[in-house]
>>> print(open('work-v5.cif').read())   # mmCIF, C-alpha atoms
data_run
loop_
_atom_site.label_atom_id
_atom_site.label_comp_id
_atom_site.auth_asym_id
_atom_site.auth_seq_id
_atom_site.Cartn_x
_atom_site.Cartn_y
_atom_site.Cartn_z
CA MET A 1 -11.80 37.33 -3.84
CA LYS A 2 -8.96 34.87 -3.20
CA LYS A 3 -7.91 34.89 -6.81
CA HIS A 4 -4.94 32.56 -6.48
CA TYR A 5 -6.25 30.29 -3.74
CA ILE A 6 -6.41 27.05 -5.75
CA ILE A 7 -3.17 27.83 -7.58
CA SER A 8 -1.43 28.26 -4.22
CA ILE A 9 -2.71 24.87 -3.08
CA MET A 10 -1.44 23.30 -6.28
CA MET A 11 2.04 24.75 -5.76
CA ILE A 12 2.20 23.51 -2.17
CA SER A 13 0.98 20.06 -3.23
CA MET A 14 3.66 19.73 -5.90
CA ILE A 15 6.29 20.66 -3.34
CA TRP A 16 4.92 17.96 -1.00
CA LEU A 17 4.74 15.38 -3.75
CA PHE A 18 8.29 15.74 -4.99
CA SER A 19 10.30 17.01 -2.02
CA CYS A 20 10.51 17.11 1.76
CA GLY A 21 11.61 19.63 4.35
CA GLY A 22 11.73 20.60 8.03
CA TYR A 23 12.56 17.96 10.61
CA GLU A 24 13.23 14.76 8.74
CA THR A 25 11.22 12.34 10.88
CA ARG A 26 11.04 8.56 10.98
CA VAL A 27 8.44 6.89 13.22
CA ILE A 28 9.03 3.18 13.93
CA ASN A 29 6.30 1.02 15.47
CA THR A 30 7.38 -2.43 16.70
CA ILE A 31 4.24 -4.48 17.32
CA HIS A 32 4.30 -7.24 19.96
CA GLN A 33 2.05 -10.30 20.06
CA ASP A 34 0.11 -9.05 23.09
CA GLY A 35 -0.88 -5.87 21.25
CA SER A 36 1.63 -3.62 22.96
CA ILE A 37 3.80 -1.32 20.86
CA THR A 38 7.30 0.03 21.22
CA ARG A 39 7.43 3.32 19.33
CA LYS A 40 10.64 5.06 18.34
CA VAL A 41 10.79 8.51 16.76
CA ILE A 42 14.00 9.68 15.07
CA MET A 43 14.21 13.33 14.04
CA LYS A 44 17.01 15.07 12.16
CA ASN A 45 17.82 18.77 12.07
CA ASP A 46 20.68 21.04 11.02
CA GLU A 47 20.66 22.60 14.49
CA PRO A 48 20.69 21.06 17.98
CA GLU A 49 17.26 22.53 18.68
CA PHE A 50 14.03 20.55 18.40
CA LEU A 51 10.84 22.44 19.22
CA SER A 52 7.89 20.32 20.33
CA GLU A 53 5.46 22.43 18.29
CA ASN A 54 7.24 21.18 15.16
CA PHE A 55 7.09 17.47 16.07
CA ARG A 56 5.26 15.35 13.47
CA VAL A 57 3.94 12.95 16.11
CA PRO A 58 3.42 13.60 19.84
CA VAL A 59 6.56 13.22 21.98
CA ASP A 60 6.74 14.54 25.54
CA SER A 61 8.65 14.18 28.81
CA THR A 62 7.36 10.63 29.37
CA TRP A 63 9.54 9.40 26.51
CA GLN A 64 13.16 8.26 26.82
CA THR A 65 15.22 10.64 24.68
CA THR A 66 18.78 10.99 23.45
CA MET A 67 20.60 13.61 21.36
CA THR A 68 23.46 12.70 19.02
CA PHE A 69 25.04 14.14 15.90
CA GLU A 70 26.61 13.01 12.63
CA ILE A 71 29.28 14.73 10.50
CA ASN A 72 29.38 13.95 6.78
CA GLU A 73 32.26 14.11 4.31
CA ASP A 74 31.68 17.83 3.77
CA GLN A 75 31.95 18.42 7.53
CA ASP A 76 28.28 19.30 7.77
CA THR A 77 26.68 18.40 11.10
CA THR A 78 23.27 16.75 11.42
CA TRP A 79 21.67 16.49 14.84
CA LEU A 80 19.55 13.47 15.74
CA TYR A 81 16.87 13.50 18.40
CA THR A 82 15.70 9.99 19.28
CA ALA A 83 12.68 9.32 21.50
CA GLU A 84 11.30 5.92 22.53
CA LYS A 85 8.28 4.81 24.54
CA TYR A 86 6.41 1.59 25.33
CA PHE A 87 2.63 1.60 24.86
CA ALA A 88 0.52 -1.11 26.47
CA ASP A 89 -2.03 -0.93 23.64
CA VAL A 90 -3.17 1.20 20.71
CA GLU A 91 -5.53 3.19 22.94
CA GLU A 92 -2.52 4.74 24.65
CA ILE A 93 -1.21 5.88 21.27
CA ASN A 94 -4.65 7.21 20.34
CA HIS A 95 -4.79 9.15 23.59
CA GLU A 96 -1.55 10.90 22.67
CA TYR A 97 -2.91 11.67 19.19
CA GLN A 98 -6.04 13.20 20.71
CA ASN A 99 -3.94 15.45 22.93
CA ASP A 100 -1.30 16.29 20.33
CA ALA A 101 -0.12 19.90 20.30
CA GLY A 102 2.52 19.48 17.59
CA ALA A 103 2.71 20.31 13.90
CA ASN A 104 0.03 17.76 12.91
CA ALA A 105 -2.37 18.43 15.77
CA LYS A 106 -5.25 19.08 13.36
CA LEU A 107 -5.00 15.66 11.74
CA SER A 108 -7.52 13.00 12.76
CA ARG A 109 -5.27 9.98 13.38
CA ARG A 110 -5.80 6.67 15.13
CA ALA A 111 -4.07 3.31 15.52
CA LYS A 112 -5.79 -0.08 15.35
CA PHE A 113 -4.73 -3.59 16.39
CA SER A 114 -6.40 -6.98 16.13
CA LYS A 115 -5.45 -10.63 16.32
CA LYS A 116 -7.42 -13.68 15.24
CA PHE A 117 -6.76 -17.23 16.34
CA LYS A 118 -6.80 -19.59 13.32
CA TRP A 119 -5.67 -22.77 15.15
CA PHE A 120 -2.38 -23.36 13.35
CA TYR A 121 -1.68 -19.62 13.06
CA THR A 122 -2.59 -16.37 14.77
CA ILE A 123 -3.22 -13.48 12.39
CA TYR A 124 -2.11 -10.03 13.53
CA ARG A 125 -3.16 -6.74 11.95
CA PHE A 126 -1.92 -3.28 12.85
CA SER A 127 -2.77 -0.03 11.12
CA GLU A 128 -2.59 3.72 11.47
CA VAL A 129 -5.38 5.64 9.75
CA ILE A 130 -5.54 9.33 8.91
CA ASP A 131 -9.06 10.53 8.11
CA LYS A 132 -9.63 12.42 4.88
CA VAL A 133 -9.85 16.21 4.90
CA LEU A 134 -12.37 16.81 2.12
CA THR A 135 -16.01 15.99 2.86
CA VAL A 136 -16.75 15.19 -0.78
CA ASP A 137 -15.87 11.94 -2.49
CA CYS A 138 -12.83 12.33 -4.76
CA LYS A 139 -10.62 9.26 -4.67
CA PRO A 140 -7.16 9.38 -6.27
CA SER A 141 -7.73 5.79 -7.44
CA ASP A 142 -10.30 7.20 -9.90
CA TYR A 143 -7.52 9.14 -11.64
CA MET A 144 -4.34 7.15 -11.08
CA SER A 145 -3.51 3.49 -11.55
CA GLU A 146 -2.65 1.18 -8.67
CA GLU A 147 1.00 1.18 -9.74
CA GLU A 148 1.11 4.98 -9.93
CA LEU A 149 -0.47 5.30 -6.50
CA SER A 150 2.02 2.83 -5.06
CA TYR A 151 4.84 4.96 -6.44
CA MET A 152 3.24 8.19 -5.20
CA TYR A 153 2.92 6.83 -1.65
CA LEU A 154 6.63 5.96 -1.46
CA PRO A 155 8.95 8.10 0.64
CA GLY A 156 10.94 10.58 -1.46
CA GLU A 157 14.25 8.80 -0.84
CA ILE A 158 12.89 5.57 -2.37
CA GLN A 159 11.41 7.44 -5.34
CA GLU A 160 14.84 8.91 -6.01
CA GLU A 161 16.46 5.46 -5.70
CA LEU A 162 14.07 4.07 -8.32
CA LYS A 163 14.59 7.02 -10.67
CA SER A 164 18.35 6.54 -10.51
CA GLY A 165 18.29 2.72 -10.65
CA PRO A 166 18.35 0.25 -13.57
CA ASP A 167 14.73 1.13 -14.51
CA SER A 168 15.28 4.87 -14.19
CA LEU A 169 13.65 5.79 -17.52
CA TYR A 170 10.50 3.84 -16.62
CA TYR A 171 10.11 5.56 -13.24
CA LYS A 172 10.97 9.03 -14.56
CA THR A 173 8.25 8.62 -17.20
CA MET A 174 5.83 7.41 -14.54
CA ALA A 175 6.66 10.43 -12.36
CA ASP A 176 5.93 12.83 -15.23
CA THR A 177 2.62 11.13 -16.02
CA LEU A 178 1.73 10.99 -12.36
CA GLU A 179 2.23 14.74 -11.99
CA ILE A 180 -0.37 15.44 -14.72
CA LYS A 181 -2.92 12.99 -13.30
CA PHE A 182 -2.28 14.21 -9.78
CA GLU A 183 -3.00 17.79 -10.83
CA ARG A 184 -6.37 16.86 -12.34
CA TRP A 185 -7.37 14.80 -9.32
CA LEU A 186 -6.45 17.53 -6.86
CA LEU A 187 -8.19 20.27 -8.85
CA THR A 188 -11.32 18.15 -9.20
CA GLY A 189 -11.44 17.60 -5.44
CA LEU A 190 -11.01 21.31 -4.72
CA VAL A 191 -13.66 22.39 -7.24
CA ARG A 192 -16.05 19.74 -5.92
CA GLN A 193 -15.46 20.83 -2.33
CA TRP A 194 -16.01 24.49 -3.22
CA THR A 195 -19.31 23.57 -4.91
CA GLU A 196 -20.37 21.66 -1.80
CA SER A 197 -19.50 24.61 0.46
CA PHE A 198 -21.24 27.10 -1.83
CA TYR A 199 -24.55 25.21 -1.84
CA GLU A 200 -24.44 24.42 1.87
CA LEU A 201 -24.28 28.17 2.50
CA PHE A 202 -26.44 29.60 -0.26
CA HIS A 203 -28.71 26.89 -1.65
CA ASP A 204 -31.79 28.96 -0.73
CA HIS A 205 -30.52 32.25 -2.19
CA PRO A 206 -33.47 33.83 -4.08
CA ASN A 207 -31.34 34.75 -7.12
CA LEU A 208 -29.62 31.38 -7.46
CA ASP A 209 -31.07 29.82 -10.61
CA ILE A 210 -28.53 27.04 -11.13
CA THR A 211 -28.95 23.82 -9.16
CA LYS A 212 -26.20 21.93 -7.41
CA GLU A 213 -26.52 19.09 -9.92
CA GLU A 214 -26.15 21.52 -12.82
CA MET A 215 -23.12 23.07 -11.16
CA ARG A 216 -21.56 19.62 -10.71
CA LYS A 217 -21.91 19.01 -14.45
CA LYS A 218 -19.76 22.08 -15.06
CA GLU A 219 -17.03 20.72 -12.77
CA PRO A 220 -14.89 19.26 -15.62
CA HIS A 221 -15.01 22.61 -17.46
CA LEU A 222 -13.79 24.49 -14.40
CA VAL A 223 -10.96 22.00 -13.97
CA GLU A 224 -10.00 22.40 -17.62
CA ARG A 225 -9.76 26.17 -17.21
CA PHE A 226 -7.30 25.71 -14.37
CA VAL A 227 -5.29 23.07 -16.22
CA LEU A 228 -5.24 24.44 -19.76
CA ASP A 229 -5.44 28.20 -19.18
CA ASP A 230 -3.65 28.37 -15.82
CA ALA A 231 -6.58 30.57 -14.81
CA ASP A 232 -7.23 31.88 -11.33
CA GLU A 233 -10.60 31.43 -9.62
CA GLU A 234 -12.15 34.63 -10.97
CA GLU A 235 -11.17 33.91 -14.56
CA ALA A 236 -12.30 30.28 -14.40
CA ILE A 237 -15.70 31.10 -12.87
CA LYS A 238 -16.36 33.91 -15.34
CA ASN A 239 -15.39 31.68 -18.27
CA VAL A 240 -17.57 28.72 -17.24
CA LEU A 241 -20.44 30.26 -15.27
CA GLY A 242 -20.52 33.69 -16.88
CA ASN A 243 -19.76 37.27 -15.88
CA GLU A 244 -23.28 37.80 -14.58
CA PHE A 245 -23.05 34.88 -12.15
CA TYR A 246 -19.70 36.14 -10.88
CA GLU A 247 -20.92 39.71 -10.41
CA ASN A 248 -24.13 38.60 -8.65
CA PHE A 249 -22.41 36.13 -6.30
CA ASN A 250 -18.96 37.64 -5.82
CA THR A 251 -19.35 37.83 -2.03
CA GLU A 252 -20.90 34.36 -1.79
CA ILE A 253 -18.14 32.84 -3.93
CA ASP A 254 -15.53 34.36 -1.64
CA SER A 255 -17.39 33.11 1.46
CA ALA A 256 -17.42 29.56 0.10
CA PHE A 257 -13.66 29.75 -0.46
CA SER A 258 -13.21 31.01 3.12
CA VAL A 259 -15.16 28.04 4.46
CA MET A 260 -13.08 25.66 2.37
CA ASP A 261 -9.91 27.40 3.53
CA GLU A 262 -10.78 26.67 7.15
CA GLN A 263 -11.73 23.11 6.32
CA LEU A 264 -8.43 22.51 4.56
CA LYS A 265 -6.25 23.62 7.46
CA PRO A 266 -5.19 20.03 8.28
CA PHE A 267 -4.02 19.80 4.65
CA TRP A 268 -2.37 23.25 4.63
CA GLU A 269 -0.50 22.69 7.88
CA ALA A 270 0.39 18.98 7.56
CA LYS A 271 4.08 18.19 8.06
CA GLU A 272 5.40 15.10 6.34
CA TYR A 273 7.16 12.14 7.98
CA THR A 274 7.91 8.46 7.34
CA LEU A 275 6.07 5.70 9.18
CA GLU A 276 7.59 2.25 9.59
CA ILE A 277 5.95 -0.85 11.09
CA HIS A 278 7.61 -4.07 12.30
CA MET A 279 5.25 -6.99 12.89
CA PRO A 280 5.60 -10.31 14.73
CA GLY A 281 5.94 -13.38 12.52
CA GLN A 282 5.69 -13.53 8.74
CA ILE A 283 4.24 -10.63 6.75
CA MET A 284 1.14 -11.66 4.78
CA GLY A 285 0.22 -8.34 3.20
CA SER A 286 0.34 -4.58 3.60
CA SER A 287 -0.41 -1.30 1.90
CA GLY A 288 3.20 -0.15 2.29
CA TYR A 289 6.65 -0.76 0.86
CA VAL A 290 9.13 -3.34 2.15
CA LYS A 291 12.42 -1.70 3.09
CA SER A 292 15.48 -3.44 4.44
CA TYR A 293 17.80 -1.47 6.72
CA GLY A 294 20.24 -4.33 7.30
CA GLU A 295 20.88 -8.01 6.81
CA SER A 296 18.94 -9.29 9.81
CA LYS A 297 15.21 -9.95 9.60
CA ASP A 298 14.54 -7.57 12.49
CA GLU A 299 15.74 -4.67 10.36
CA VAL A 300 13.12 -5.14 7.65
CA GLY A 301 10.12 -2.87 7.95
CA ILE A 302 7.05 -1.82 6.00
CA ILE A 303 7.17 1.91 5.35
CA TRP A 304 4.89 4.72 4.15
CA ALA A 305 5.34 8.40 3.41
CA VAL A 306 2.87 10.56 5.32
CA GLN A 307 2.00 13.89 3.71
CA GLY A 308 -1.04 16.06 3.17
CA ASP A 309 -1.97 14.96 -0.34
CA PHE A 310 -2.42 11.33 0.68
CA PHE A 311 -5.38 11.98 2.98
CA LEU A 312 -6.92 14.95 1.21
CA GLY A 313 -9.54 13.05 -0.80
CA GLN A 314 -9.72 9.72 1.01
CA SER A 315 -8.66 8.21 4.33
CA TYR A 316 -5.06 6.99 4.38
CA ASP A 317 -4.91 3.47 5.82
CA MET A 318 -1.37 2.23 6.55
CA TRP A 319 -1.91 -1.41 7.46
CA VAL A 320 0.11 -4.62 7.83
CA GLU A 321 -0.99 -8.21 8.42
CA SER A 322 1.28 -11.00 9.65
CA LYS A 323 0.94 -14.55 10.94
CA VAL A 324 2.66 -16.38 13.76
CA LEU A 325 2.88 -20.16 13.89
CA ASN A 326 1.13 -21.67 16.94
CA TYR A 327 3.54 -24.50 17.72
CA TRP A 328 1.41 -25.91 20.55
CA THR A 329 -1.57 -26.43 18.22
CA TRP A 330 0.63 -28.38 15.81
CA ILE A 331 1.83 -30.55 18.71
CA ILE A 332 -1.73 -31.15 19.95
CA THR A 333 -2.87 -31.94 16.39
CA ALA A 334 0.05 -34.34 15.91
CA ILE A 335 -0.69 -36.10 19.21
CA PHE A 336 -4.38 -36.32 18.33
CA LEU A 337 -3.58 -37.82 14.93
CA ILE A 338 -1.23 -40.34 16.56
CA PHE A 339 -4.00 -41.41 18.92
CA VAL A 340 -6.51 -41.67 16.07
CA ILE A 341 -4.14 -43.66 13.88
CA THR A 342 -3.06 -45.89 16.79
CA GLY A 343 -6.69 -46.52 17.71
CA TYR A 344 -7.50 -47.38 14.13
CA VAL A 345 -4.59 -49.81 13.90
CA ILE A 346 -5.51 -51.52 17.19
CA SER A 347 -9.14 -51.74 16.16
CA SER A 348 -8.18 -53.24 12.81
CA ARG A 349 -5.96 -55.86 14.45
CA LYS A 350 -8.68 -56.87 16.90
CA SER A 351 -11.13 -57.15 14.04
CA ASN A 352 -8.73 -59.37 12.07
CA ARG A 353 -8.15 -61.64 15.09
CA THR A 354 -11.87 -62.03 15.61
CA ARG A 355 -12.34 -63.08 12.03
CA GLY A 356 -9.43 -65.54 12.31
#
>>> encode(input="work-v5.cif", output="structure tokens")
Amino acid sequence: MKKHYIISIMMISMIWLFSCGGYETRVINTIHQDGSITRKVIMKNDEPEFLSENFRVPVDSTWQTTMTFEINEDQDTTWLYTAEKYFADVEEINHEYQNDAGANAKLSRRAKFSKKFKWFYTIYRFSEVIDKVLTVDCKPSDYMSEEELSYMYLPGEIQEELKSGPDSLYYKTMADTLEIKFERWLLTGLVRQWTESFYELFHDHPNLDITKEEMRKKEPHLVERFVLDDADEEEAIKNVLGNEFYENFNTEIDSAFSVMDEQLKPFWEAKEYTLEIHMPGQIMGSSGYVKSYGESKDEVGIIWAVQGDFFLGQSYDMWVESKVLNYWTWIITAIFLIFVITGYVISSRKSNRTRG
């Protein structure tokens, strides 16, 4: 029996939620009006060695790469590996995702692009979506407020900026509350997924006298045992479902955890990074955070943190919409209006002369 399976997941999740490690990676997508994308990947490491199997996003020999380094006030050296590539469309990015052999190869990721002509404006939308890992429905929005989720999805550096800024007390309190709600959401998803796996495997077991619906009703009690008693799986199941159930289905319980373990590999093995998107024209809306890296408009991007917790219970959609002014349509419209007005004036004058 994997007695500390769920507890281990909780510990890893808390580390992901409030810290980062490995290659610090920033992925920058610059979207062009024709749907092409210039992608830049900047990775940092304490050593001048960057192994492709540890890359957060696919980068290979077809990219233009450079290696530089920085030395801080304490004389510590940070190495920077920068890679850049032009993609004709999102399908080329998706092809690289499908053939990824790096640290996040098990993630189901895809990019999307669309543009809609609205006469005076053209609306552009770009997104990167990571499919959820769990097969059951367990949305974080059912446990956390929109504001809390917005804070949770921020990169760690921005969270720290907010917690040390003028509203530090507010954000520190939010972080503490978020940790409690996050724990309940994650545990609920894991218990729900284990129940799903258990009944997919053993729903026709001759000695199983509790239905899936009845088991689902006990879900909150199992979660409470983990939260309040810090119980492991064996203790929680015995407490809620009884010693007899545990003894009769010990092997089956363990098998269901093994199935869930395999299913959760994209979550277990996910390596975090920051995604940034630059769009043509004026930003209309996004699911990310606006971050300025300089005074010029070109250095303002929409950013997201990418880590395992965000796509565990629901798909993680990082989208941006922008609009570009179609100057030629304004000119055509102006000319058309001039003709209409001129025609009206001429017609009115002729009508007045006829009457005179």
>>> closest_residue(input="work-v5.cif", among="A:Gly288, A:Gly301, A:Gly343, A:Pro48", to="Pro155 (chain A)", atoms="all atoms listed in the file")
A:Gly288
>>> closest_residue(input="work-v5.cif", among="A:Ile93, A:Ile123, A:Ile180, A:Ile338", to="Met284 (chain A)", atoms="all atoms listed in the file")
A:Ile123
>>> residues_around(input="work-v5.cif", residues="Cys138 (chain A)", least_positions_apart="2", cutoff="10 Å", atoms="all atoms listed in the file", output="PDB file with C-alpha atoms, keeping the file's coordinate frame")
ATOM      1  CA  LEU A 134     -12.370  16.810   2.120  1.00  0.00           C
ATOM      2  CA  THR A 135     -16.010  15.990   2.860  1.00  0.00           C
ATOM      3  CA  VAL A 136     -16.750  15.190  -0.780  1.00  0.00           C
ATOM      4  CA  PRO A 140      -7.160   9.380  -6.270  1.00  0.00           C
ATOM      5  CA  SER A 141      -7.730   5.790  -7.440  1.00  0.00           C
ATOM      6  CA  ASP A 142     -10.300   7.200  -9.900  1.00  0.00           C
ATOM      7  CA  TYR A 143      -7.520   9.140 -11.640  1.00  0.00           C
ATOM      8  CA  TRP A 185      -7.370  14.800  -9.320  1.00  0.00           C
ATOM      9  CA  LEU A 186      -6.450  17.530  -6.860  1.00  0.00           C
ATOM     10  CA  THR A 188     -11.320  18.150  -9.200  1.00  0.00           C
ATOM     11  CA  GLY A 189     -11.440  17.600  -5.440  1.00  0.00           C
ATOM     12  CA  LEU A 190     -11.010  21.310  -4.720  1.00  0.00           C
ATOM     13  CA  ARG A 192     -16.050  19.740  -5.920  1.00  0.00           C
ATOM     14  CA  GLN A 193     -15.460  20.830  -2.330  1.00  0.00           C
ATOM     15  CA  LEU A 312      -6.920  14.950   1.210  1.00  0.00           C
ATOM     16  CA  GLY A 313      -9.540  13.050  -0.800  1.00  0.00           C
ATOM     17  CA  GLN A 314      -9.720   9.720   1.010  1.00  0.00           C
TER      18      GLN A 314
END
>>> residues_around(input="work-v5.cif", residues="Asn207 (chain A)", least_positions_apart="3", cutoff="10 Å", atoms="all atoms listed in the file", output="list in words")
Phe202, His203, Asp204, Ile210, Phe245, Asn248 and Phe249 of chain A
>>> atom_distance(input="work-v5.cif", atom1="CA of Asn72 (chain A)", atom2="CA of Ile158 (chain A)")
20.6 Å
>>> residues_around(input="work-v5.cif", residues="region 26-41 of chain A", least_positions_apart="4", cutoff="10 Å", atoms="only C-alpha atoms", output="PyMOL selection string")
chain A and resi 55-59+63-65+81-93+112-115+122-126+272-281+298+301-305+324
>>> resolve_selection(input="work-v5.cif", expression="the PyMOL selection byres ((chain A and resi 221) around 12)", output="list of chain:residue names")
A:Arg184, A:Leu187, A:Thr188, A:Val191, A:Arg192, A:Met215, A:Arg216, A:Lys217, A:Lys218, A:Glu219, A:Pro220, A:Leu222, A:Val223, A:Glu224, A:Arg225, A:Phe226, A:Val227, A:Leu228, A:Asp229, A:Ala231, A:Ala236, A:Ile237, A:Lys238, A:Asn239, A:Val240, A:Leu241
>>> closest_residue(input="work-v5.cif", among="A:Leu337, A:Val133, A:Leu154, A:Ala105", to="Met260 (chain A)", atoms="only C-alpha atoms")
A:Val133
>>> closest_residue(input="work-v5.cif", among="A:Val129, A:Leu208, A:Ala270, A:Leu201", to="Glu244 (chain A)", atoms="all atoms listed in the file")
A:Leu208
>>> atom_distance(input="work-v5.cif", atom1="CA of Thr329 (chain A)", atom2="CA of Thr342 (chain A)")
19.6 Å
>>> build_atoms(input="work-v5.cif", residues="region 36-59 of chain A", atoms="N, CA and C atoms", output="compact mmCIF listing (two decimals), in the coordinates of the input")
# COMPACT_ATOMS: atom_id res chain seq x y z
N SER A 36 0.86 -4.77 22.52
CA SER A 36 1.63 -3.62 22.96
C SER A 36 2.55 -3.15 21.83
N ILE A 37 3.00 -1.92 21.93
CA ILE A 37 3.80 -1.32 20.86
C ILE A 37 4.98 -0.58 21.47
N THR A 38 6.14 -0.80 20.90
CA THR A 38 7.30 0.03 21.22
C THR A 38 7.48 1.02 20.07
N ARG A 39 7.36 2.29 20.37
CA ARG A 39 7.43 3.32 19.33
C ARG A 39 8.72 4.12 19.49
N LYS A 40 9.42 4.26 18.37
CA LYS A 40 10.64 5.06 18.34
C LYS A 40 10.47 6.16 17.31
N VAL A 41 10.85 7.37 17.67
CA VAL A 41 10.79 8.51 16.76
C VAL A 41 12.20 9.08 16.60
N ILE A 42 12.67 9.15 15.36
CA ILE A 42 14.00 9.68 15.07
C ILE A 42 13.84 10.93 14.22
N MET A 43 14.31 12.07 14.75
CA MET A 43 14.21 13.33 14.04
C MET A 43 15.60 13.88 13.74
N LYS A 44 15.74 14.48 12.56
CA LYS A 44 17.01 15.07 12.16
C LYS A 44 16.82 16.57 11.91
N ASN A 45 17.87 17.33 12.27
CA ASN A 45 17.82 18.77 12.07
C ASN A 45 19.24 19.29 11.88
N ASP A 46 19.36 20.43 11.23
CA ASP A 46 20.68 21.04 11.02
C ASP A 46 21.18 21.74 12.27
N GLU A 47 20.31 21.93 13.24
CA GLU A 47 20.66 22.60 14.49
C GLU A 47 20.30 21.72 15.67
N PRO A 48 20.97 21.90 16.80
CA PRO A 48 20.69 21.06 17.98
C PRO A 48 19.46 21.54 18.75
N GLU A 49 18.48 22.04 18.03
CA GLU A 49 17.26 22.53 18.68
C GLU A 49 16.05 21.87 18.04
N PHE A 50 15.23 21.23 18.87
CA PHE A 50 14.03 20.55 18.40
C PHE A 50 12.85 21.07 19.20
N LEU A 51 11.99 21.84 18.55
CA LEU A 51 10.84 22.44 19.22
C LEU A 51 9.65 21.49 19.15
N SER A 52 8.98 21.28 20.27
CA SER A 52 7.89 20.32 20.33
C SER A 52 6.73 20.71 19.42
N GLU A 53 6.54 22.01 19.18
CA GLU A 53 5.46 22.43 18.29
C GLU A 53 5.69 22.03 16.84
N ASN A 54 6.92 21.62 16.52
CA ASN A 54 7.24 21.18 15.16
C ASN A 54 7.33 19.67 15.04
N PHE A 55 7.03 18.93 16.12
CA PHE A 55 7.09 17.47 16.07
C PHE A 55 5.96 16.94 15.19
N ARG A 56 6.26 15.95 14.36
CA ARG A 56 5.26 15.35 13.47
C ARG A 56 4.28 14.46 14.22
N VAL A 57 4.77 13.79 15.25
CA VAL A 57 3.94 12.95 16.11
C VAL A 57 4.20 13.37 17.55
N PRO A 58 3.25 13.14 18.46
CA PRO A 58 3.42 13.60 19.84
C PRO A 58 4.56 12.89 20.56
N VAL A 59 5.46 13.68 21.13
CA VAL A 59 6.56 13.22 21.98
C VAL A 59 6.65 14.19 23.14
